[in-house]
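Take a look at the structure below.
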Protein chains: 2
Amino acid sequence: MAQLGELERSIMDALWASENPLSATELQEYLEERARETSGKQLAVTTVLTVLSRLEHKSLVVRDRTVRPHLYRASSSQADHTAELMHEILGSSTDRGEVLARFLGSVSPEEAAALRGLLDQTRDSGRSA
Amino acid sequence: MAQLGELERSIMDALWASENPLSATELQEYLEERARETSGKQLAVTTVLTVLSRLEHKSLVVRDRTVRPHLYRASSSQADHTAELMHEILGSSTDRGEVLARFLGSVSPEEAAALRGLLDQTRDSGRSA
DNA sequence: TCGTTCTTCTACGGAGTGTAGAACAAATTG
DNA sequence: CAATTTGTTCTACACTCCGTAGAAGAACGA
């Protein structure tokens with residue numbers, strides 16, 4: 001699934017942060033805000049549109065073409081997407097157990113606690129396939 | 001840190017799988033073996049060397065220049081590297097807890113069990129910084 | 001020193017990404 | 001309906017990364 005570029009990532013972040021689907025122009029404005037402190041540079045709308053198309057193509061973004069302007073939303077939540085990525089990475093390894101061990105070693109105590117809680121909740125819900 | 005290309009990945013896999021550091025030529029042969037079933041195609045040694053240099057530049061590979069031929073080894077274990085990657089991905093998210101929840105939801109029962117065990121072991125060894 | 005072995009330099013083509021103008025389509029309004 | 005505004009698609013270019021490797025240079029054994 002490959003890693004996203006910087007602008008792609010910003011746009012996904014914007015979509016993930018937003019409750020409602022956004023138009024290209026709204027995104028453009030949003031991005032300008034975000035960038036104001038950094039390299040405050042206004043992007044062309046076409047730039048945003050191009051990237052949105054690419055993200056749509058990668059199935060990360062869903063576009064509503066029935067309205068004008070078109071509205072865009074992330075096809076899955078950031079958490080889902082991120083978890084999926086992590087899983088992919090984990091799967092690319094030959095020794096999952098070892099990876100998980102190292103992974104836990106670098107996790108904060110709070111997160112470790114959270115994980116324990118989650119594992120207890122999940123304990124009985126055996127996966128089907 | 002970005003994702004590795006296919007050949008880069010193969011080379012890292014080879015280095016990770018090997019006990020000892022390897023020379024470019026050894027790697028070349030190793031890769032030919034691996035590829036025999038697939039697209040059995042012999043790479044030029046220079047190709048391997050180029051990629052090794054790039055990997056060295058990315059600090060994934062360490063090269064011993066005191067011997068001839070130079071010997072190459074992975075700078076960290078596959079497990080470490082993978083865990084680090086996972087951590088990076090996790091860190092890129094705004095809601096780690098949620099991500100971990102989703103992540104656990106897609107983990108096999110065996111892995112869940114392993115995680116429980118690991119968490120118990122790690123319980124007391126609080127991290128310093 | 002001569003050849004062999006190994007490494008470095010240089011280079012090219014293809015893919016992915018940031019960037020956006022030009023051209024085209026739809027909606028709004030006079 | 002015609003003109004203007006708003007929005008979308010097409011096309012394109014530059015830059016970086018990666019796979020690939022030849023040519024040229026360096027080191028070592030005979």
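The way I read the labels, and the way they are meant: chains A, B, ... in the order of the structure tokens, residue 1 as the first residue of every chain, and ligand 1 as the first ligand shown, with later ones counted on from there.
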
Practice problem: Could you tell me, as number ranges by chain, which residues of chain B DSSP assigns to alpha helix (DSSP H) when given the backbone? | Solution: B: 6-17, 24-36, 45-57, 78-91, 96-105, 109-122

Quiz item: Neighbours of D:DA14 within 12 Å (only C-alpha atoms (C1' of nucleotides); same-chain residues fewer than 4 positions away dropped), as a PyMOL selection string?
Solution: chain C and resi 17-20

Those same residues, written as a PDB file, in the first residue's frame with C-alpha atoms (C1' of nucleotides)?
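File out02.pdb, as written:
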ATOM      1  C1'  DT C  17       4.530  12.922  -5.979  1.00  0.00           C
ATOM      2  C1'  DG C  18       4.024  18.101  -5.856  1.00  0.00           C
ATOM      3  C1'  DT C  19       2.669  21.488  -8.633  1.00  0.00           C
ATOM      4  C1'  DA C  20      -0.388  23.876 -11.674  1.00  0.00           C
TER       5       DA C  20
END

Pairing the C-alpha atoms in order across the whole chain, superpose chain A onto chain B by least squares and write the result as a short mmCIF file (atom, residue, chain, number, x, y, z; two decimals) with N, CA, C and O atoms, in the first residue's frame.
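Output below, filename superposed-v9.cif:
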data_model
loop_
_atom_site.label_atom_id
_atom_site.label_comp_id
_atom_site.auth_asym_id
_atom_site.auth_seq_id
_atom_site.Cartn_x
_atom_site.Cartn_y
_atom_site.Cartn_z
N MET A 1 11.13 7.53 7.61
CA MET A 1 12.12 6.52 7.21
C MET A 1 11.73 5.86 5.88
O MET A 1 12.52 5.18 5.25
N ALA A 2 10.53 6.09 5.49
CA ALA A 2 10.09 5.64 4.16
C ALA A 2 10.19 4.12 3.98
O ALA A 2 10.88 3.42 4.72
N GLN A 3 9.50 3.68 3.00
CA GLN A 3 9.45 2.24 2.71
C GLN A 3 10.55 1.87 1.73
O GLN A 3 10.94 2.66 0.89
N LEU A 4 11.04 0.66 1.85
CA LEU A 4 12.10 0.20 0.96
C LEU A 4 11.55 -0.28 -0.37
O LEU A 4 10.40 -0.71 -0.46
N GLY A 5 12.38 -0.23 -1.38
CA GLY A 5 12.02 -0.80 -2.67
C GLY A 5 12.14 -2.31 -2.61
O GLY A 5 12.57 -2.87 -1.60
N GLU A 6 11.77 -2.94 -3.70
CA GLU A 6 11.70 -4.39 -3.70
C GLU A 6 13.07 -5.03 -3.57
O GLU A 6 13.27 -5.96 -2.76
N LEU A 7 14.00 -4.53 -4.32
CA LEU A 7 15.35 -5.11 -4.27
C LEU A 7 16.02 -4.78 -2.95
O LEU A 7 16.67 -5.63 -2.33
N GLU A 8 15.84 -3.56 -2.51
CA GLU A 8 16.38 -3.17 -1.21
C GLU A 8 15.86 -4.13 -0.14
O GLU A 8 16.60 -4.62 0.70
N ARG A 9 14.60 -4.38 -0.24
CA ARG A 9 13.96 -5.25 0.73
C ARG A 9 14.56 -6.67 0.67
O ARG A 9 14.86 -7.28 1.69
N SER A 10 14.72 -7.19 -0.53
CA SER A 10 15.30 -8.53 -0.67
C SER A 10 16.68 -8.59 -0.04
O SER A 10 17.03 -9.57 0.63
N ILE A 11 17.43 -7.55 -0.27
CA ILE A 11 18.79 -7.55 0.26
C ILE A 11 18.77 -7.47 1.78
O ILE A 11 19.51 -8.19 2.47
N MET A 12 17.90 -6.65 2.31
CA MET A 12 17.79 -6.59 3.77
C MET A 12 17.37 -7.96 4.31
O MET A 12 17.92 -8.44 5.30
N ASP A 13 16.43 -8.58 3.65
CA ASP A 13 15.99 -9.90 4.11
C ASP A 13 17.16 -10.87 4.13
O ASP A 13 17.31 -11.65 5.07
N ALA A 14 17.95 -10.82 3.08
CA ALA A 14 19.11 -11.71 3.02
C ALA A 14 20.04 -11.43 4.19
O ALA A 14 20.50 -12.35 4.88
N LEU A 15 20.31 -10.18 4.43
CA LEU A 15 21.23 -9.83 5.52
C LEU A 15 20.63 -10.22 6.86
O LEU A 15 21.33 -10.70 7.75
N TRP A 16 19.35 -10.02 7.00
CA TRP A 16 18.71 -10.37 8.27
C TRP A 16 18.74 -11.87 8.49
O TRP A 16 18.86 -12.35 9.61
N ALA A 17 18.63 -12.60 7.40
CA ALA A 17 18.59 -14.05 7.52
C ALA A 17 19.97 -14.65 7.78
O ALA A 17 20.08 -15.78 8.26
N SER A 18 20.98 -13.89 7.49
CA SER A 18 22.33 -14.44 7.60
C SER A 18 22.96 -14.18 8.97
O SER A 18 22.84 -13.10 9.54
N GLU A 19 23.63 -15.20 9.46
CA GLU A 19 24.33 -15.05 10.73
C GLU A 19 25.51 -14.09 10.58
O GLU A 19 25.70 -13.18 11.37
N ASN A 20 26.28 -14.32 9.53
CA ASN A 20 27.50 -13.53 9.33
C ASN A 20 27.28 -12.42 8.30
O ASN A 20 26.38 -12.51 7.48
N PRO A 21 28.15 -11.46 8.38
CA PRO A 21 28.17 -10.43 7.34
C PRO A 21 28.45 -11.07 5.99
O PRO A 21 29.10 -12.11 5.91
N LEU A 22 27.93 -10.47 4.95
CA LEU A 22 28.07 -11.04 3.61
C LEU A 22 28.76 -10.06 2.67
O LEU A 22 28.69 -8.84 2.87
N SER A 23 29.40 -10.61 1.66
CA SER A 23 29.99 -9.77 0.63
C SER A 23 28.97 -9.55 -0.47
O SER A 23 27.95 -10.26 -0.55
N ALA A 24 29.25 -8.60 -1.33
CA ALA A 24 28.33 -8.30 -2.43
C ALA A 24 28.11 -9.53 -3.30
O ALA A 24 26.98 -9.84 -3.69
N THR A 25 29.19 -10.24 -3.57
CA THR A 25 29.07 -11.42 -4.43
C THR A 25 28.23 -12.51 -3.77
O THR A 25 27.38 -13.14 -4.42
N GLU A 26 28.45 -12.70 -2.49
CA GLU A 26 27.64 -13.69 -1.78
C GLU A 26 26.17 -13.31 -1.86
O GLU A 26 25.30 -14.16 -2.12
N LEU A 27 25.91 -12.05 -1.67
CA LEU A 27 24.53 -11.59 -1.76
C LEU A 27 23.97 -11.82 -3.15
O LEU A 27 22.82 -12.27 -3.32
N GLN A 28 24.78 -11.52 -4.12
CA GLN A 28 24.35 -11.72 -5.51
C GLN A 28 23.92 -13.17 -5.71
O GLN A 28 22.84 -13.44 -6.25
N GLU A 29 24.75 -14.09 -5.24
CA GLU A 29 24.42 -15.50 -5.40
C GLU A 29 23.16 -15.87 -4.62
O GLU A 29 22.27 -16.53 -5.12
N TYR A 30 23.14 -15.39 -3.41
CA TYR A 30 21.98 -15.67 -2.56
C TYR A 30 20.69 -15.21 -3.27
O TYR A 30 19.70 -15.93 -3.31
N LEU A 31 20.74 -14.02 -3.81
CA LEU A 31 19.56 -13.49 -4.48
C LEU A 31 19.19 -14.32 -5.70
O LEU A 31 18.02 -14.51 -6.01
N GLU A 32 20.19 -14.81 -6.37
CA GLU A 32 19.88 -15.63 -7.54
C GLU A 32 19.11 -16.88 -7.10
O GLU A 32 18.10 -17.23 -7.69
N GLU A 33 19.60 -17.52 -6.05
CA GLU A 33 18.88 -18.67 -5.49
C GLU A 33 17.42 -18.30 -5.26
O GLU A 33 16.51 -18.89 -5.83
N ARG A 34 17.25 -17.32 -4.42
CA ARG A 34 15.90 -16.88 -4.04
C ARG A 34 15.02 -16.66 -5.25
O ARG A 34 13.83 -16.92 -5.24
N ALA A 35 15.60 -16.13 -6.30
CA ALA A 35 14.80 -15.72 -7.45
C ALA A 35 14.60 -16.85 -8.44
O ALA A 35 13.75 -16.77 -9.32
N ARG A 36 15.35 -17.91 -8.26
CA ARG A 36 15.30 -18.98 -9.25
C ARG A 36 13.87 -19.41 -9.57
O ARG A 36 13.49 -19.56 -10.73
N GLU A 37 13.06 -19.58 -8.52
CA GLU A 37 11.67 -20.02 -8.75
C GLU A 37 10.84 -18.91 -9.40
O GLU A 37 9.98 -19.17 -10.20
N THR A 38 11.12 -17.73 -9.01
CA THR A 38 10.32 -16.59 -9.50
C THR A 38 10.83 -16.14 -10.86
O THR A 38 10.64 -16.82 -11.85
N SER A 39 11.41 -15.00 -10.88
CA SER A 39 11.88 -14.44 -12.16
C SER A 39 13.38 -14.64 -12.28
O SER A 39 14.12 -13.69 -12.44
N GLY A 40 13.80 -15.89 -12.18
CA GLY A 40 15.22 -16.22 -12.14
C GLY A 40 16.11 -15.38 -13.04
O GLY A 40 16.38 -15.72 -14.18
N LYS A 41 16.60 -14.30 -12.48
CA LYS A 41 17.38 -13.37 -13.27
C LYS A 41 18.60 -12.93 -12.47
O LYS A 41 18.46 -12.43 -11.36
N GLN A 42 19.77 -13.15 -13.04
CA GLN A 42 21.00 -12.80 -12.35
C GLN A 42 21.26 -11.29 -12.41
O GLN A 42 21.30 -10.71 -13.48
N LEU A 43 21.45 -10.73 -11.26
CA LEU A 43 21.74 -9.30 -11.20
C LEU A 43 23.24 -9.05 -11.34
O LEU A 43 24.05 -9.89 -10.96
N ALA A 44 23.60 -7.90 -11.86
CA ALA A 44 25.01 -7.53 -11.90
C ALA A 44 25.47 -7.23 -10.47
O ALA A 44 24.68 -6.76 -9.64
N VAL A 45 26.73 -7.53 -10.20
CA VAL A 45 27.24 -7.25 -8.85
C VAL A 45 27.16 -5.77 -8.56
O VAL A 45 26.88 -5.36 -7.42
N THR A 46 27.40 -4.98 -9.58
CA THR A 46 27.37 -3.53 -9.34
C THR A 46 25.99 -3.10 -8.88
O THR A 46 25.86 -2.18 -8.08
N THR A 47 24.98 -3.77 -9.37
CA THR A 47 23.63 -3.45 -8.93
C THR A 47 23.52 -3.69 -7.43
O THR A 47 23.05 -2.83 -6.67
N VAL A 48 23.98 -4.85 -7.02
CA VAL A 48 23.93 -5.17 -5.59
C VAL A 48 24.73 -4.14 -4.80
O VAL A 48 24.28 -3.65 -3.76
N LEU A 49 25.89 -3.78 -5.32
CA LEU A 49 26.73 -2.82 -4.60
C LEU A 49 26.06 -1.46 -4.50
O LEU A 49 26.11 -0.80 -3.45
N THR A 50 25.45 -1.05 -5.58
CA THR A 50 24.77 0.24 -5.53
C THR A 50 23.70 0.24 -4.44
O THR A 50 23.63 1.15 -3.62
N VAL A 51 22.91 -0.79 -4.44
CA VAL A 51 21.83 -0.84 -3.46
C VAL A 51 22.40 -0.91 -2.05
O VAL A 51 21.90 -0.25 -1.13
N LEU A 52 23.47 -1.67 -1.89
CA LEU A 52 24.09 -1.74 -0.56
C LEU A 52 24.56 -0.37 -0.12
O LEU A 52 24.39 0.01 1.05
N SER A 53 25.14 0.37 -1.02
CA SER A 53 25.58 1.72 -0.67
C SER A 53 24.41 2.57 -0.21
O SER A 53 24.48 3.30 0.77
N ARG A 54 23.32 2.45 -0.95
CA ARG A 54 22.15 3.23 -0.58
C ARG A 54 21.63 2.82 0.80
O ARG A 54 21.27 3.67 1.61
N LEU A 55 21.64 1.54 1.04
CA LEU A 55 21.16 1.06 2.34
C LEU A 55 22.11 1.51 3.45
O LEU A 55 21.68 1.83 4.56
N GLU A 56 23.38 1.54 3.12
CA GLU A 56 24.35 2.02 4.10
C GLU A 56 24.06 3.49 4.41
O GLU A 56 24.04 3.91 5.56
N HIS A 57 23.79 4.22 3.36
CA HIS A 57 23.49 5.63 3.51
C HIS A 57 22.25 5.84 4.39
O HIS A 57 22.18 6.78 5.18
N LYS A 58 21.30 4.94 4.27
CA LYS A 58 20.09 5.03 5.09
C LYS A 58 20.30 4.44 6.48
O LYS A 58 19.35 4.28 7.24
N SER A 59 21.54 4.04 6.75
CA SER A 59 21.89 3.48 8.06
C SER A 59 21.18 2.16 8.35
O SER A 59 20.99 1.81 9.52
N LEU A 60 20.80 1.47 7.33
CA LEU A 60 20.19 0.16 7.56
C LEU A 60 21.25 -0.93 7.47
O LEU A 60 21.06 -2.04 7.94
N VAL A 61 22.37 -0.58 6.86
CA VAL A 61 23.43 -1.55 6.64
C VAL A 61 24.74 -0.95 7.13
O VAL A 61 24.98 0.24 6.99
N VAL A 62 25.55 -1.80 7.73
CA VAL A 62 26.88 -1.39 8.15
C VAL A 62 27.90 -2.14 7.31
O VAL A 62 27.76 -3.34 7.09
N ARG A 63 28.92 -1.43 6.86
CA ARG A 63 29.90 -2.03 5.98
C ARG A 63 31.27 -2.08 6.65
O ARG A 63 31.71 -1.09 7.23
N ASP A 64 31.89 -3.21 6.55
CA ASP A 64 33.26 -3.34 7.06
C ASP A 64 34.23 -3.11 5.92
O ASP A 64 34.40 -3.96 5.04
N ARG A 65 34.89 -1.96 5.95
CA ARG A 65 35.79 -1.59 4.85
C ARG A 65 37.23 -2.04 5.12
O ARG A 65 38.12 -1.78 4.32
N THR A 66 37.43 -2.65 6.26
CA THR A 66 38.81 -3.04 6.58
C THR A 66 39.19 -4.35 5.91
O THR A 66 40.35 -4.72 5.91
N VAL A 67 38.22 -5.02 5.38
CA VAL A 67 38.53 -6.28 4.70
C VAL A 67 38.17 -6.20 3.22
O VAL A 67 37.41 -5.33 2.81
N ARG A 68 38.77 -7.11 2.47
CA ARG A 68 38.47 -7.17 1.05
C ARG A 68 38.01 -8.57 0.74
O ARG A 68 38.75 -9.51 1.07
N PRO A 69 36.91 -8.81 0.13
CA PRO A 69 35.88 -7.81 -0.19
C PRO A 69 35.20 -7.26 1.07
O PRO A 69 35.19 -7.91 2.10
N HIS A 70 34.65 -6.09 0.94
CA HIS A 70 33.90 -5.48 2.01
C HIS A 70 32.78 -6.42 2.45
O HIS A 70 32.21 -7.14 1.64
N LEU A 71 32.49 -6.36 3.75
CA LEU A 71 31.41 -7.20 4.27
C LEU A 71 30.27 -6.33 4.78
O LEU A 71 30.50 -5.28 5.37
N TYR A 72 29.08 -6.81 4.57
CA TYR A 72 27.90 -6.02 4.92
C TYR A 72 27.02 -6.78 5.90
O TYR A 72 26.85 -7.99 5.77
N ARG A 73 26.47 -6.04 6.85
CA ARG A 73 25.51 -6.64 7.76
C ARG A 73 24.42 -5.62 8.06
O ARG A 73 24.63 -4.41 7.97
N ALA A 74 23.27 -6.14 8.45
CA ALA A 74 22.17 -5.25 8.83
C ALA A 74 22.54 -4.55 10.13
O ALA A 74 23.14 -5.16 11.01
N SER A 75 22.21 -3.28 10.22
CA SER A 75 22.62 -2.54 11.42
C SER A 75 21.73 -2.86 12.61
O SER A 75 22.11 -2.63 13.75
N SER A 76 20.55 -3.38 12.36
CA SER A 76 19.72 -3.84 13.47
C SER A 76 18.94 -5.07 13.02
O SER A 76 18.83 -5.31 11.82
N SER A 77 18.44 -5.81 13.96
CA SER A 77 17.72 -7.03 13.60
C SER A 77 16.42 -6.68 12.88
O SER A 77 15.92 -5.56 12.99
N GLN A 78 15.93 -7.64 12.16
CA GLN A 78 14.67 -7.42 11.46
C GLN A 78 13.57 -7.06 12.45
O GLN A 78 12.76 -6.16 12.21
N ALA A 79 13.56 -7.77 13.57
CA ALA A 79 12.52 -7.53 14.57
C ALA A 79 12.59 -6.09 15.07
O ALA A 79 11.58 -5.40 15.14
N ASP A 80 13.79 -5.64 15.38
CA ASP A 80 13.95 -4.27 15.85
C ASP A 80 13.47 -3.28 14.80
O ASP A 80 12.72 -2.36 15.09
N HIS A 81 13.96 -3.51 13.62
CA HIS A 81 13.60 -2.59 12.54
C HIS A 81 12.08 -2.54 12.36
O HIS A 81 11.49 -1.47 12.27
N THR A 82 11.48 -3.70 12.30
CA THR A 82 10.04 -3.77 12.06
C THR A 82 9.27 -3.13 13.20
O THR A 82 8.33 -2.36 12.98
N ALA A 83 9.70 -3.43 14.42
CA ALA A 83 9.01 -2.84 15.57
C ALA A 83 9.12 -1.33 15.53
O ALA A 83 8.15 -0.61 15.81
N GLU A 84 10.28 -0.85 15.14
CA GLU A 84 10.47 0.59 15.07
C GLU A 84 9.52 1.20 14.04
O GLU A 84 8.89 2.23 14.29
N LEU A 85 9.44 0.54 12.92
CA LEU A 85 8.53 1.00 11.87
C LEU A 85 7.09 1.05 12.38
O LEU A 85 6.38 2.04 12.19
N MET A 86 6.69 -0.01 13.04
CA MET A 86 5.33 -0.06 13.56
C MET A 86 5.09 1.09 14.52
O MET A 86 4.03 1.72 14.53
N HIS A 87 6.10 1.36 15.29
CA HIS A 87 5.97 2.42 16.25
C HIS A 87 5.83 3.78 15.58
O HIS A 87 5.05 4.62 16.00
N GLU A 88 6.59 3.92 14.53
CA GLU A 88 6.53 5.16 13.77
C GLU A 88 5.13 5.35 13.21
O GLU A 88 4.54 6.43 13.30
N ILE A 89 4.60 4.29 12.63
CA ILE A 89 3.26 4.35 12.07
C ILE A 89 2.26 4.71 13.16
O ILE A 89 1.44 5.62 13.01
N LEU A 90 2.36 4.03 14.25
CA LEU A 90 1.46 4.30 15.37
C LEU A 90 1.55 5.77 15.78
O LEU A 90 0.54 6.44 16.00
N GLY A 91 2.78 6.27 15.84
CA GLY A 91 2.99 7.64 16.27
C GLY A 91 2.40 8.66 15.31
O GLY A 91 2.09 9.78 15.68
N SER A 92 2.25 8.26 14.05
CA SER A 92 1.72 9.19 13.06
C SER A 92 0.22 9.38 13.22
O SER A 92 -0.39 10.17 12.52
N SER A 93 -0.36 8.65 14.14
CA SER A 93 -1.80 8.72 14.31
C SER A 93 -2.16 9.68 15.43
O SER A 93 -1.38 9.94 16.33
N THR A 94 -3.37 10.20 15.35
CA THR A 94 -3.79 11.15 16.38
C THR A 94 -4.43 10.43 17.57
O THR A 94 -4.52 10.99 18.65
N ASP A 95 -4.87 9.23 17.34
CA ASP A 95 -5.56 8.52 18.41
C ASP A 95 -4.96 7.12 18.60
O ASP A 95 -5.49 6.12 18.14
N ARG A 96 -3.84 7.09 19.30
CA ARG A 96 -3.12 5.84 19.46
C ARG A 96 -3.98 4.74 20.07
O ARG A 96 -3.94 3.60 19.63
N GLY A 97 -4.74 5.11 21.07
CA GLY A 97 -5.57 4.11 21.74
C GLY A 97 -6.49 3.42 20.76
O GLY A 97 -6.55 2.19 20.70
N GLU A 98 -7.14 4.23 19.96
CA GLU A 98 -8.06 3.68 18.97
C GLU A 98 -7.32 2.78 17.98
O GLU A 98 -7.79 1.70 17.64
N VAL A 99 -6.17 3.22 17.57
CA VAL A 99 -5.40 2.41 16.62
C VAL A 99 -5.04 1.07 17.24
O VAL A 99 -5.20 0.02 16.61
N LEU A 100 -4.59 1.11 18.47
CA LEU A 100 -4.22 -0.14 19.13
C LEU A 100 -5.42 -1.06 19.23
O LEU A 100 -5.30 -2.28 19.04
N ALA A 101 -6.57 -0.48 19.52
CA ALA A 101 -7.77 -1.30 19.61
C ALA A 101 -8.02 -2.01 18.28
O ALA A 101 -8.21 -3.23 18.24
N ARG A 102 -7.99 -1.26 17.18
CA ARG A 102 -8.22 -1.87 15.87
C ARG A 102 -7.13 -2.90 15.58
O ARG A 102 -7.40 -3.95 15.01
N PHE A 103 -5.94 -2.52 15.95
CA PHE A 103 -4.82 -3.43 15.69
C PHE A 103 -5.05 -4.76 16.38
O PHE A 103 -4.93 -5.83 15.77
N LEU A 104 -5.42 -4.71 17.62
CA LEU A 104 -5.67 -5.96 18.35
C LEU A 104 -6.80 -6.74 17.72
O LEU A 104 -6.77 -7.98 17.68
N GLY A 105 -7.77 -6.02 17.21
CA GLY A 105 -8.89 -6.69 16.60
C GLY A 105 -8.49 -7.55 15.41
O GLY A 105 -9.20 -8.48 15.04
N SER A 106 -7.37 -7.24 14.83
CA SER A 106 -6.97 -7.97 13.62
C SER A 106 -5.81 -8.92 13.88
O SER A 106 -5.19 -9.43 12.97
N VAL A 107 -5.56 -9.14 15.15
CA VAL A 107 -4.45 -10.00 15.52
C VAL A 107 -4.97 -11.40 15.84
O VAL A 107 -6.06 -11.55 16.38
N SER A 108 -4.24 -12.41 15.47
CA SER A 108 -4.71 -13.78 15.71
C SER A 108 -4.73 -14.07 17.20
O SER A 108 -4.02 -13.44 17.97
N PRO A 109 -5.55 -15.03 17.60
CA PRO A 109 -5.66 -15.37 19.03
C PRO A 109 -4.29 -15.76 19.60
O PRO A 109 -3.97 -15.41 20.75
N GLU A 110 -3.51 -16.47 18.81
CA GLU A 110 -2.18 -16.87 19.30
C GLU A 110 -1.35 -15.62 19.61
O GLU A 110 -0.71 -15.53 20.65
N GLU A 111 -1.38 -14.70 18.68
CA GLU A 111 -0.61 -13.48 18.89
C GLU A 111 -1.14 -12.71 20.09
O GLU A 111 -0.38 -12.14 20.87
N ALA A 112 -2.46 -12.72 20.22
CA ALA A 112 -3.04 -12.04 21.37
C ALA A 112 -2.52 -12.67 22.66
O ALA A 112 -2.12 -11.97 23.60
N ALA A 113 -2.51 -13.97 22.67
CA ALA A 113 -2.00 -14.68 23.85
C ALA A 113 -0.55 -14.30 24.10
O ALA A 113 -0.15 -13.98 25.23
N ALA A 114 0.23 -14.32 23.04
CA ALA A 114 1.64 -13.97 23.17
C ALA A 114 1.76 -12.57 23.76
O ALA A 114 2.57 -12.32 24.66
N LEU A 115 0.95 -11.67 23.27
CA LEU A 115 1.00 -10.29 23.75
C LEU A 115 0.70 -10.23 25.24
O LEU A 115 1.37 -9.52 26.00
N ARG A 116 -0.31 -10.99 25.66
CA ARG A 116 -0.65 -11.00 27.09
C ARG A 116 0.56 -11.43 27.91
O ARG A 116 0.92 -10.78 28.90
N GLY A 117 1.19 -12.50 27.43
CA GLY A 117 2.38 -12.97 28.13
C GLY A 117 3.44 -11.90 28.20
O GLY A 117 3.98 -11.60 29.28
N LEU A 118 3.69 -11.28 27.07
CA LEU A 118 4.73 -10.26 27.03
C LEU A 118 4.41 -9.10 27.94
O LEU A 118 5.28 -8.55 28.62
N LEU A 119 3.13 -8.73 27.95
CA LEU A 119 2.75 -7.59 28.79
C LEU A 119 2.97 -7.92 30.26
O LEU A 119 3.37 -7.05 31.04
N ASP A 120 2.73 -9.15 30.61
CA ASP A 120 2.94 -9.52 32.01
C ASP A 120 4.42 -9.43 32.37
O ASP A 120 4.79 -8.91 33.41
N GLN A 121 5.25 -9.92 31.46
CA GLN A 121 6.69 -9.83 31.70
C GLN A 121 7.13 -8.39 31.86
O GLN A 121 7.94 -8.05 32.71
N THR A 122 6.62 -7.56 30.99
CA THR A 122 7.08 -6.17 30.93
C THR A 122 6.48 -5.32 32.04
O THR A 122 6.97 -4.23 32.32
N ARG A 123 5.46 -5.84 32.67
CA ARG A 123 4.66 -5.04 33.60
C ARG A 123 5.47 -4.12 34.51
O ARG A 123 5.23 -2.93 34.59
N ASP A 124 6.48 -4.68 35.18
CA ASP A 124 7.18 -3.90 36.20
C ASP A 124 8.32 -3.04 35.65
O ASP A 124 8.67 -2.03 36.22
N SER A 125 8.89 -3.43 34.53
CA SER A 125 10.04 -2.69 34.01
C SER A 125 9.61 -1.35 33.44
O SER A 125 9.56 -1.15 32.23
N GLY A 126 9.29 -0.40 34.31
CA GLY A 126 8.86 0.92 33.87
C GLY A 126 9.95 1.59 33.05
O GLY A 126 11.12 1.43 33.32
N ARG A 127 9.51 2.27 32.04
CA ARG A 127 10.49 2.92 31.16
C ARG A 127 11.00 4.21 31.82
O ARG A 127 10.27 4.88 32.56
N SER A 128 12.25 4.57 31.55
CA SER A 128 12.88 5.71 32.21
C SER A 128 12.44 7.04 31.61
O SER A 128 11.77 7.84 32.25
N ALA A 129 12.82 7.33 30.38
CA ALA A 129 12.46 8.61 29.77
C ALA A 129 11.25 8.41 28.93
O ALA A 129 10.90 9.05 28.07
#

Self-check item: Nearby residues (only C-alpha atoms (C1' of nucleotides)) at most 12 Å from stretch 1-3 of chain C, same-chain spacing under 6 positions excluded, as number ranges by chain
Solution: D: 28-30

Quiz item: Within 9 Å of chain B, which residues of chain C show up when using only C-alpha atoms (C1' of nucleotides), listed as a list of chain:residue names?
Solution: C:DT5, C:DC6, C:DT7

How would the residues just chosen look if you wrote them out with C-alpha atoms (C1' of nucleotides) as an mmCIF file, in the first residue's frame?
data_model
loop_
_atom_site.group_PDB
_atom_site.id
_atom_site.type_symbol
_atom_site.label_atom_id
_atom_site.label_comp_id
_atom_site.auth_asym_id
_atom_site.auth_seq_id
_atom_site.Cartn_x
_atom_site.Cartn_y
_atom_site.Cartn_z
ATOM 1 C "C1'" DT C 5 38.915 -8.751 -8.123
ATOM 2 C "C1'" DC C 6 36.397 -5.387 -6.025
ATOM 3 C "C1'" DT C 7 34.540 -0.602 -5.437
#

Counting only C-alpha atoms (C1' of nucleotides), which residues of chain D fall within 7 Å of chain B, and what is the closest atom pair for each with its distance in Å at one decimal, ordered by chain and rising number, as JSON lines?
{"residue": "D:DC18", "atom": "C1'", "partner": "B:Gly5", "partner_atom": "CA", "distance": 6.4}
{"residue": "D:DT20", "atom": "C1'", "partner": "B:Thr47", "partner_atom": "CA", "distance": 6.1}
{"residue": "D:DA21", "atom": "C1'", "partner": "B:Thr47", "partner_atom": "CA", "distance": 6.2}

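Within chain B, DSSP run on the backbone puts these residues in strand (DSSP E or B): Leu22, Val61, Val62, Arg63, Asp64, Leu71, Tyr72, Arg73 and Ala74 of chain B.
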
Quiz prompt | For atom C1' of D:DA2 and atom C1' of C:DC24, the interatomic separation in Å (one decimal) | solution =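 These atoms are spaced 17.7 Å apart.
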
Self-check item: Separation of atom C1' of D:DG25 from atom C1' of C:DG14, in Å and rounded to one decimal
Solution: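 Distance between the two atoms: 29.4 Å.
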
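Put simply, atom C1' of D:DT8 is 13.6 Å away from atom C1' of C:DG21.
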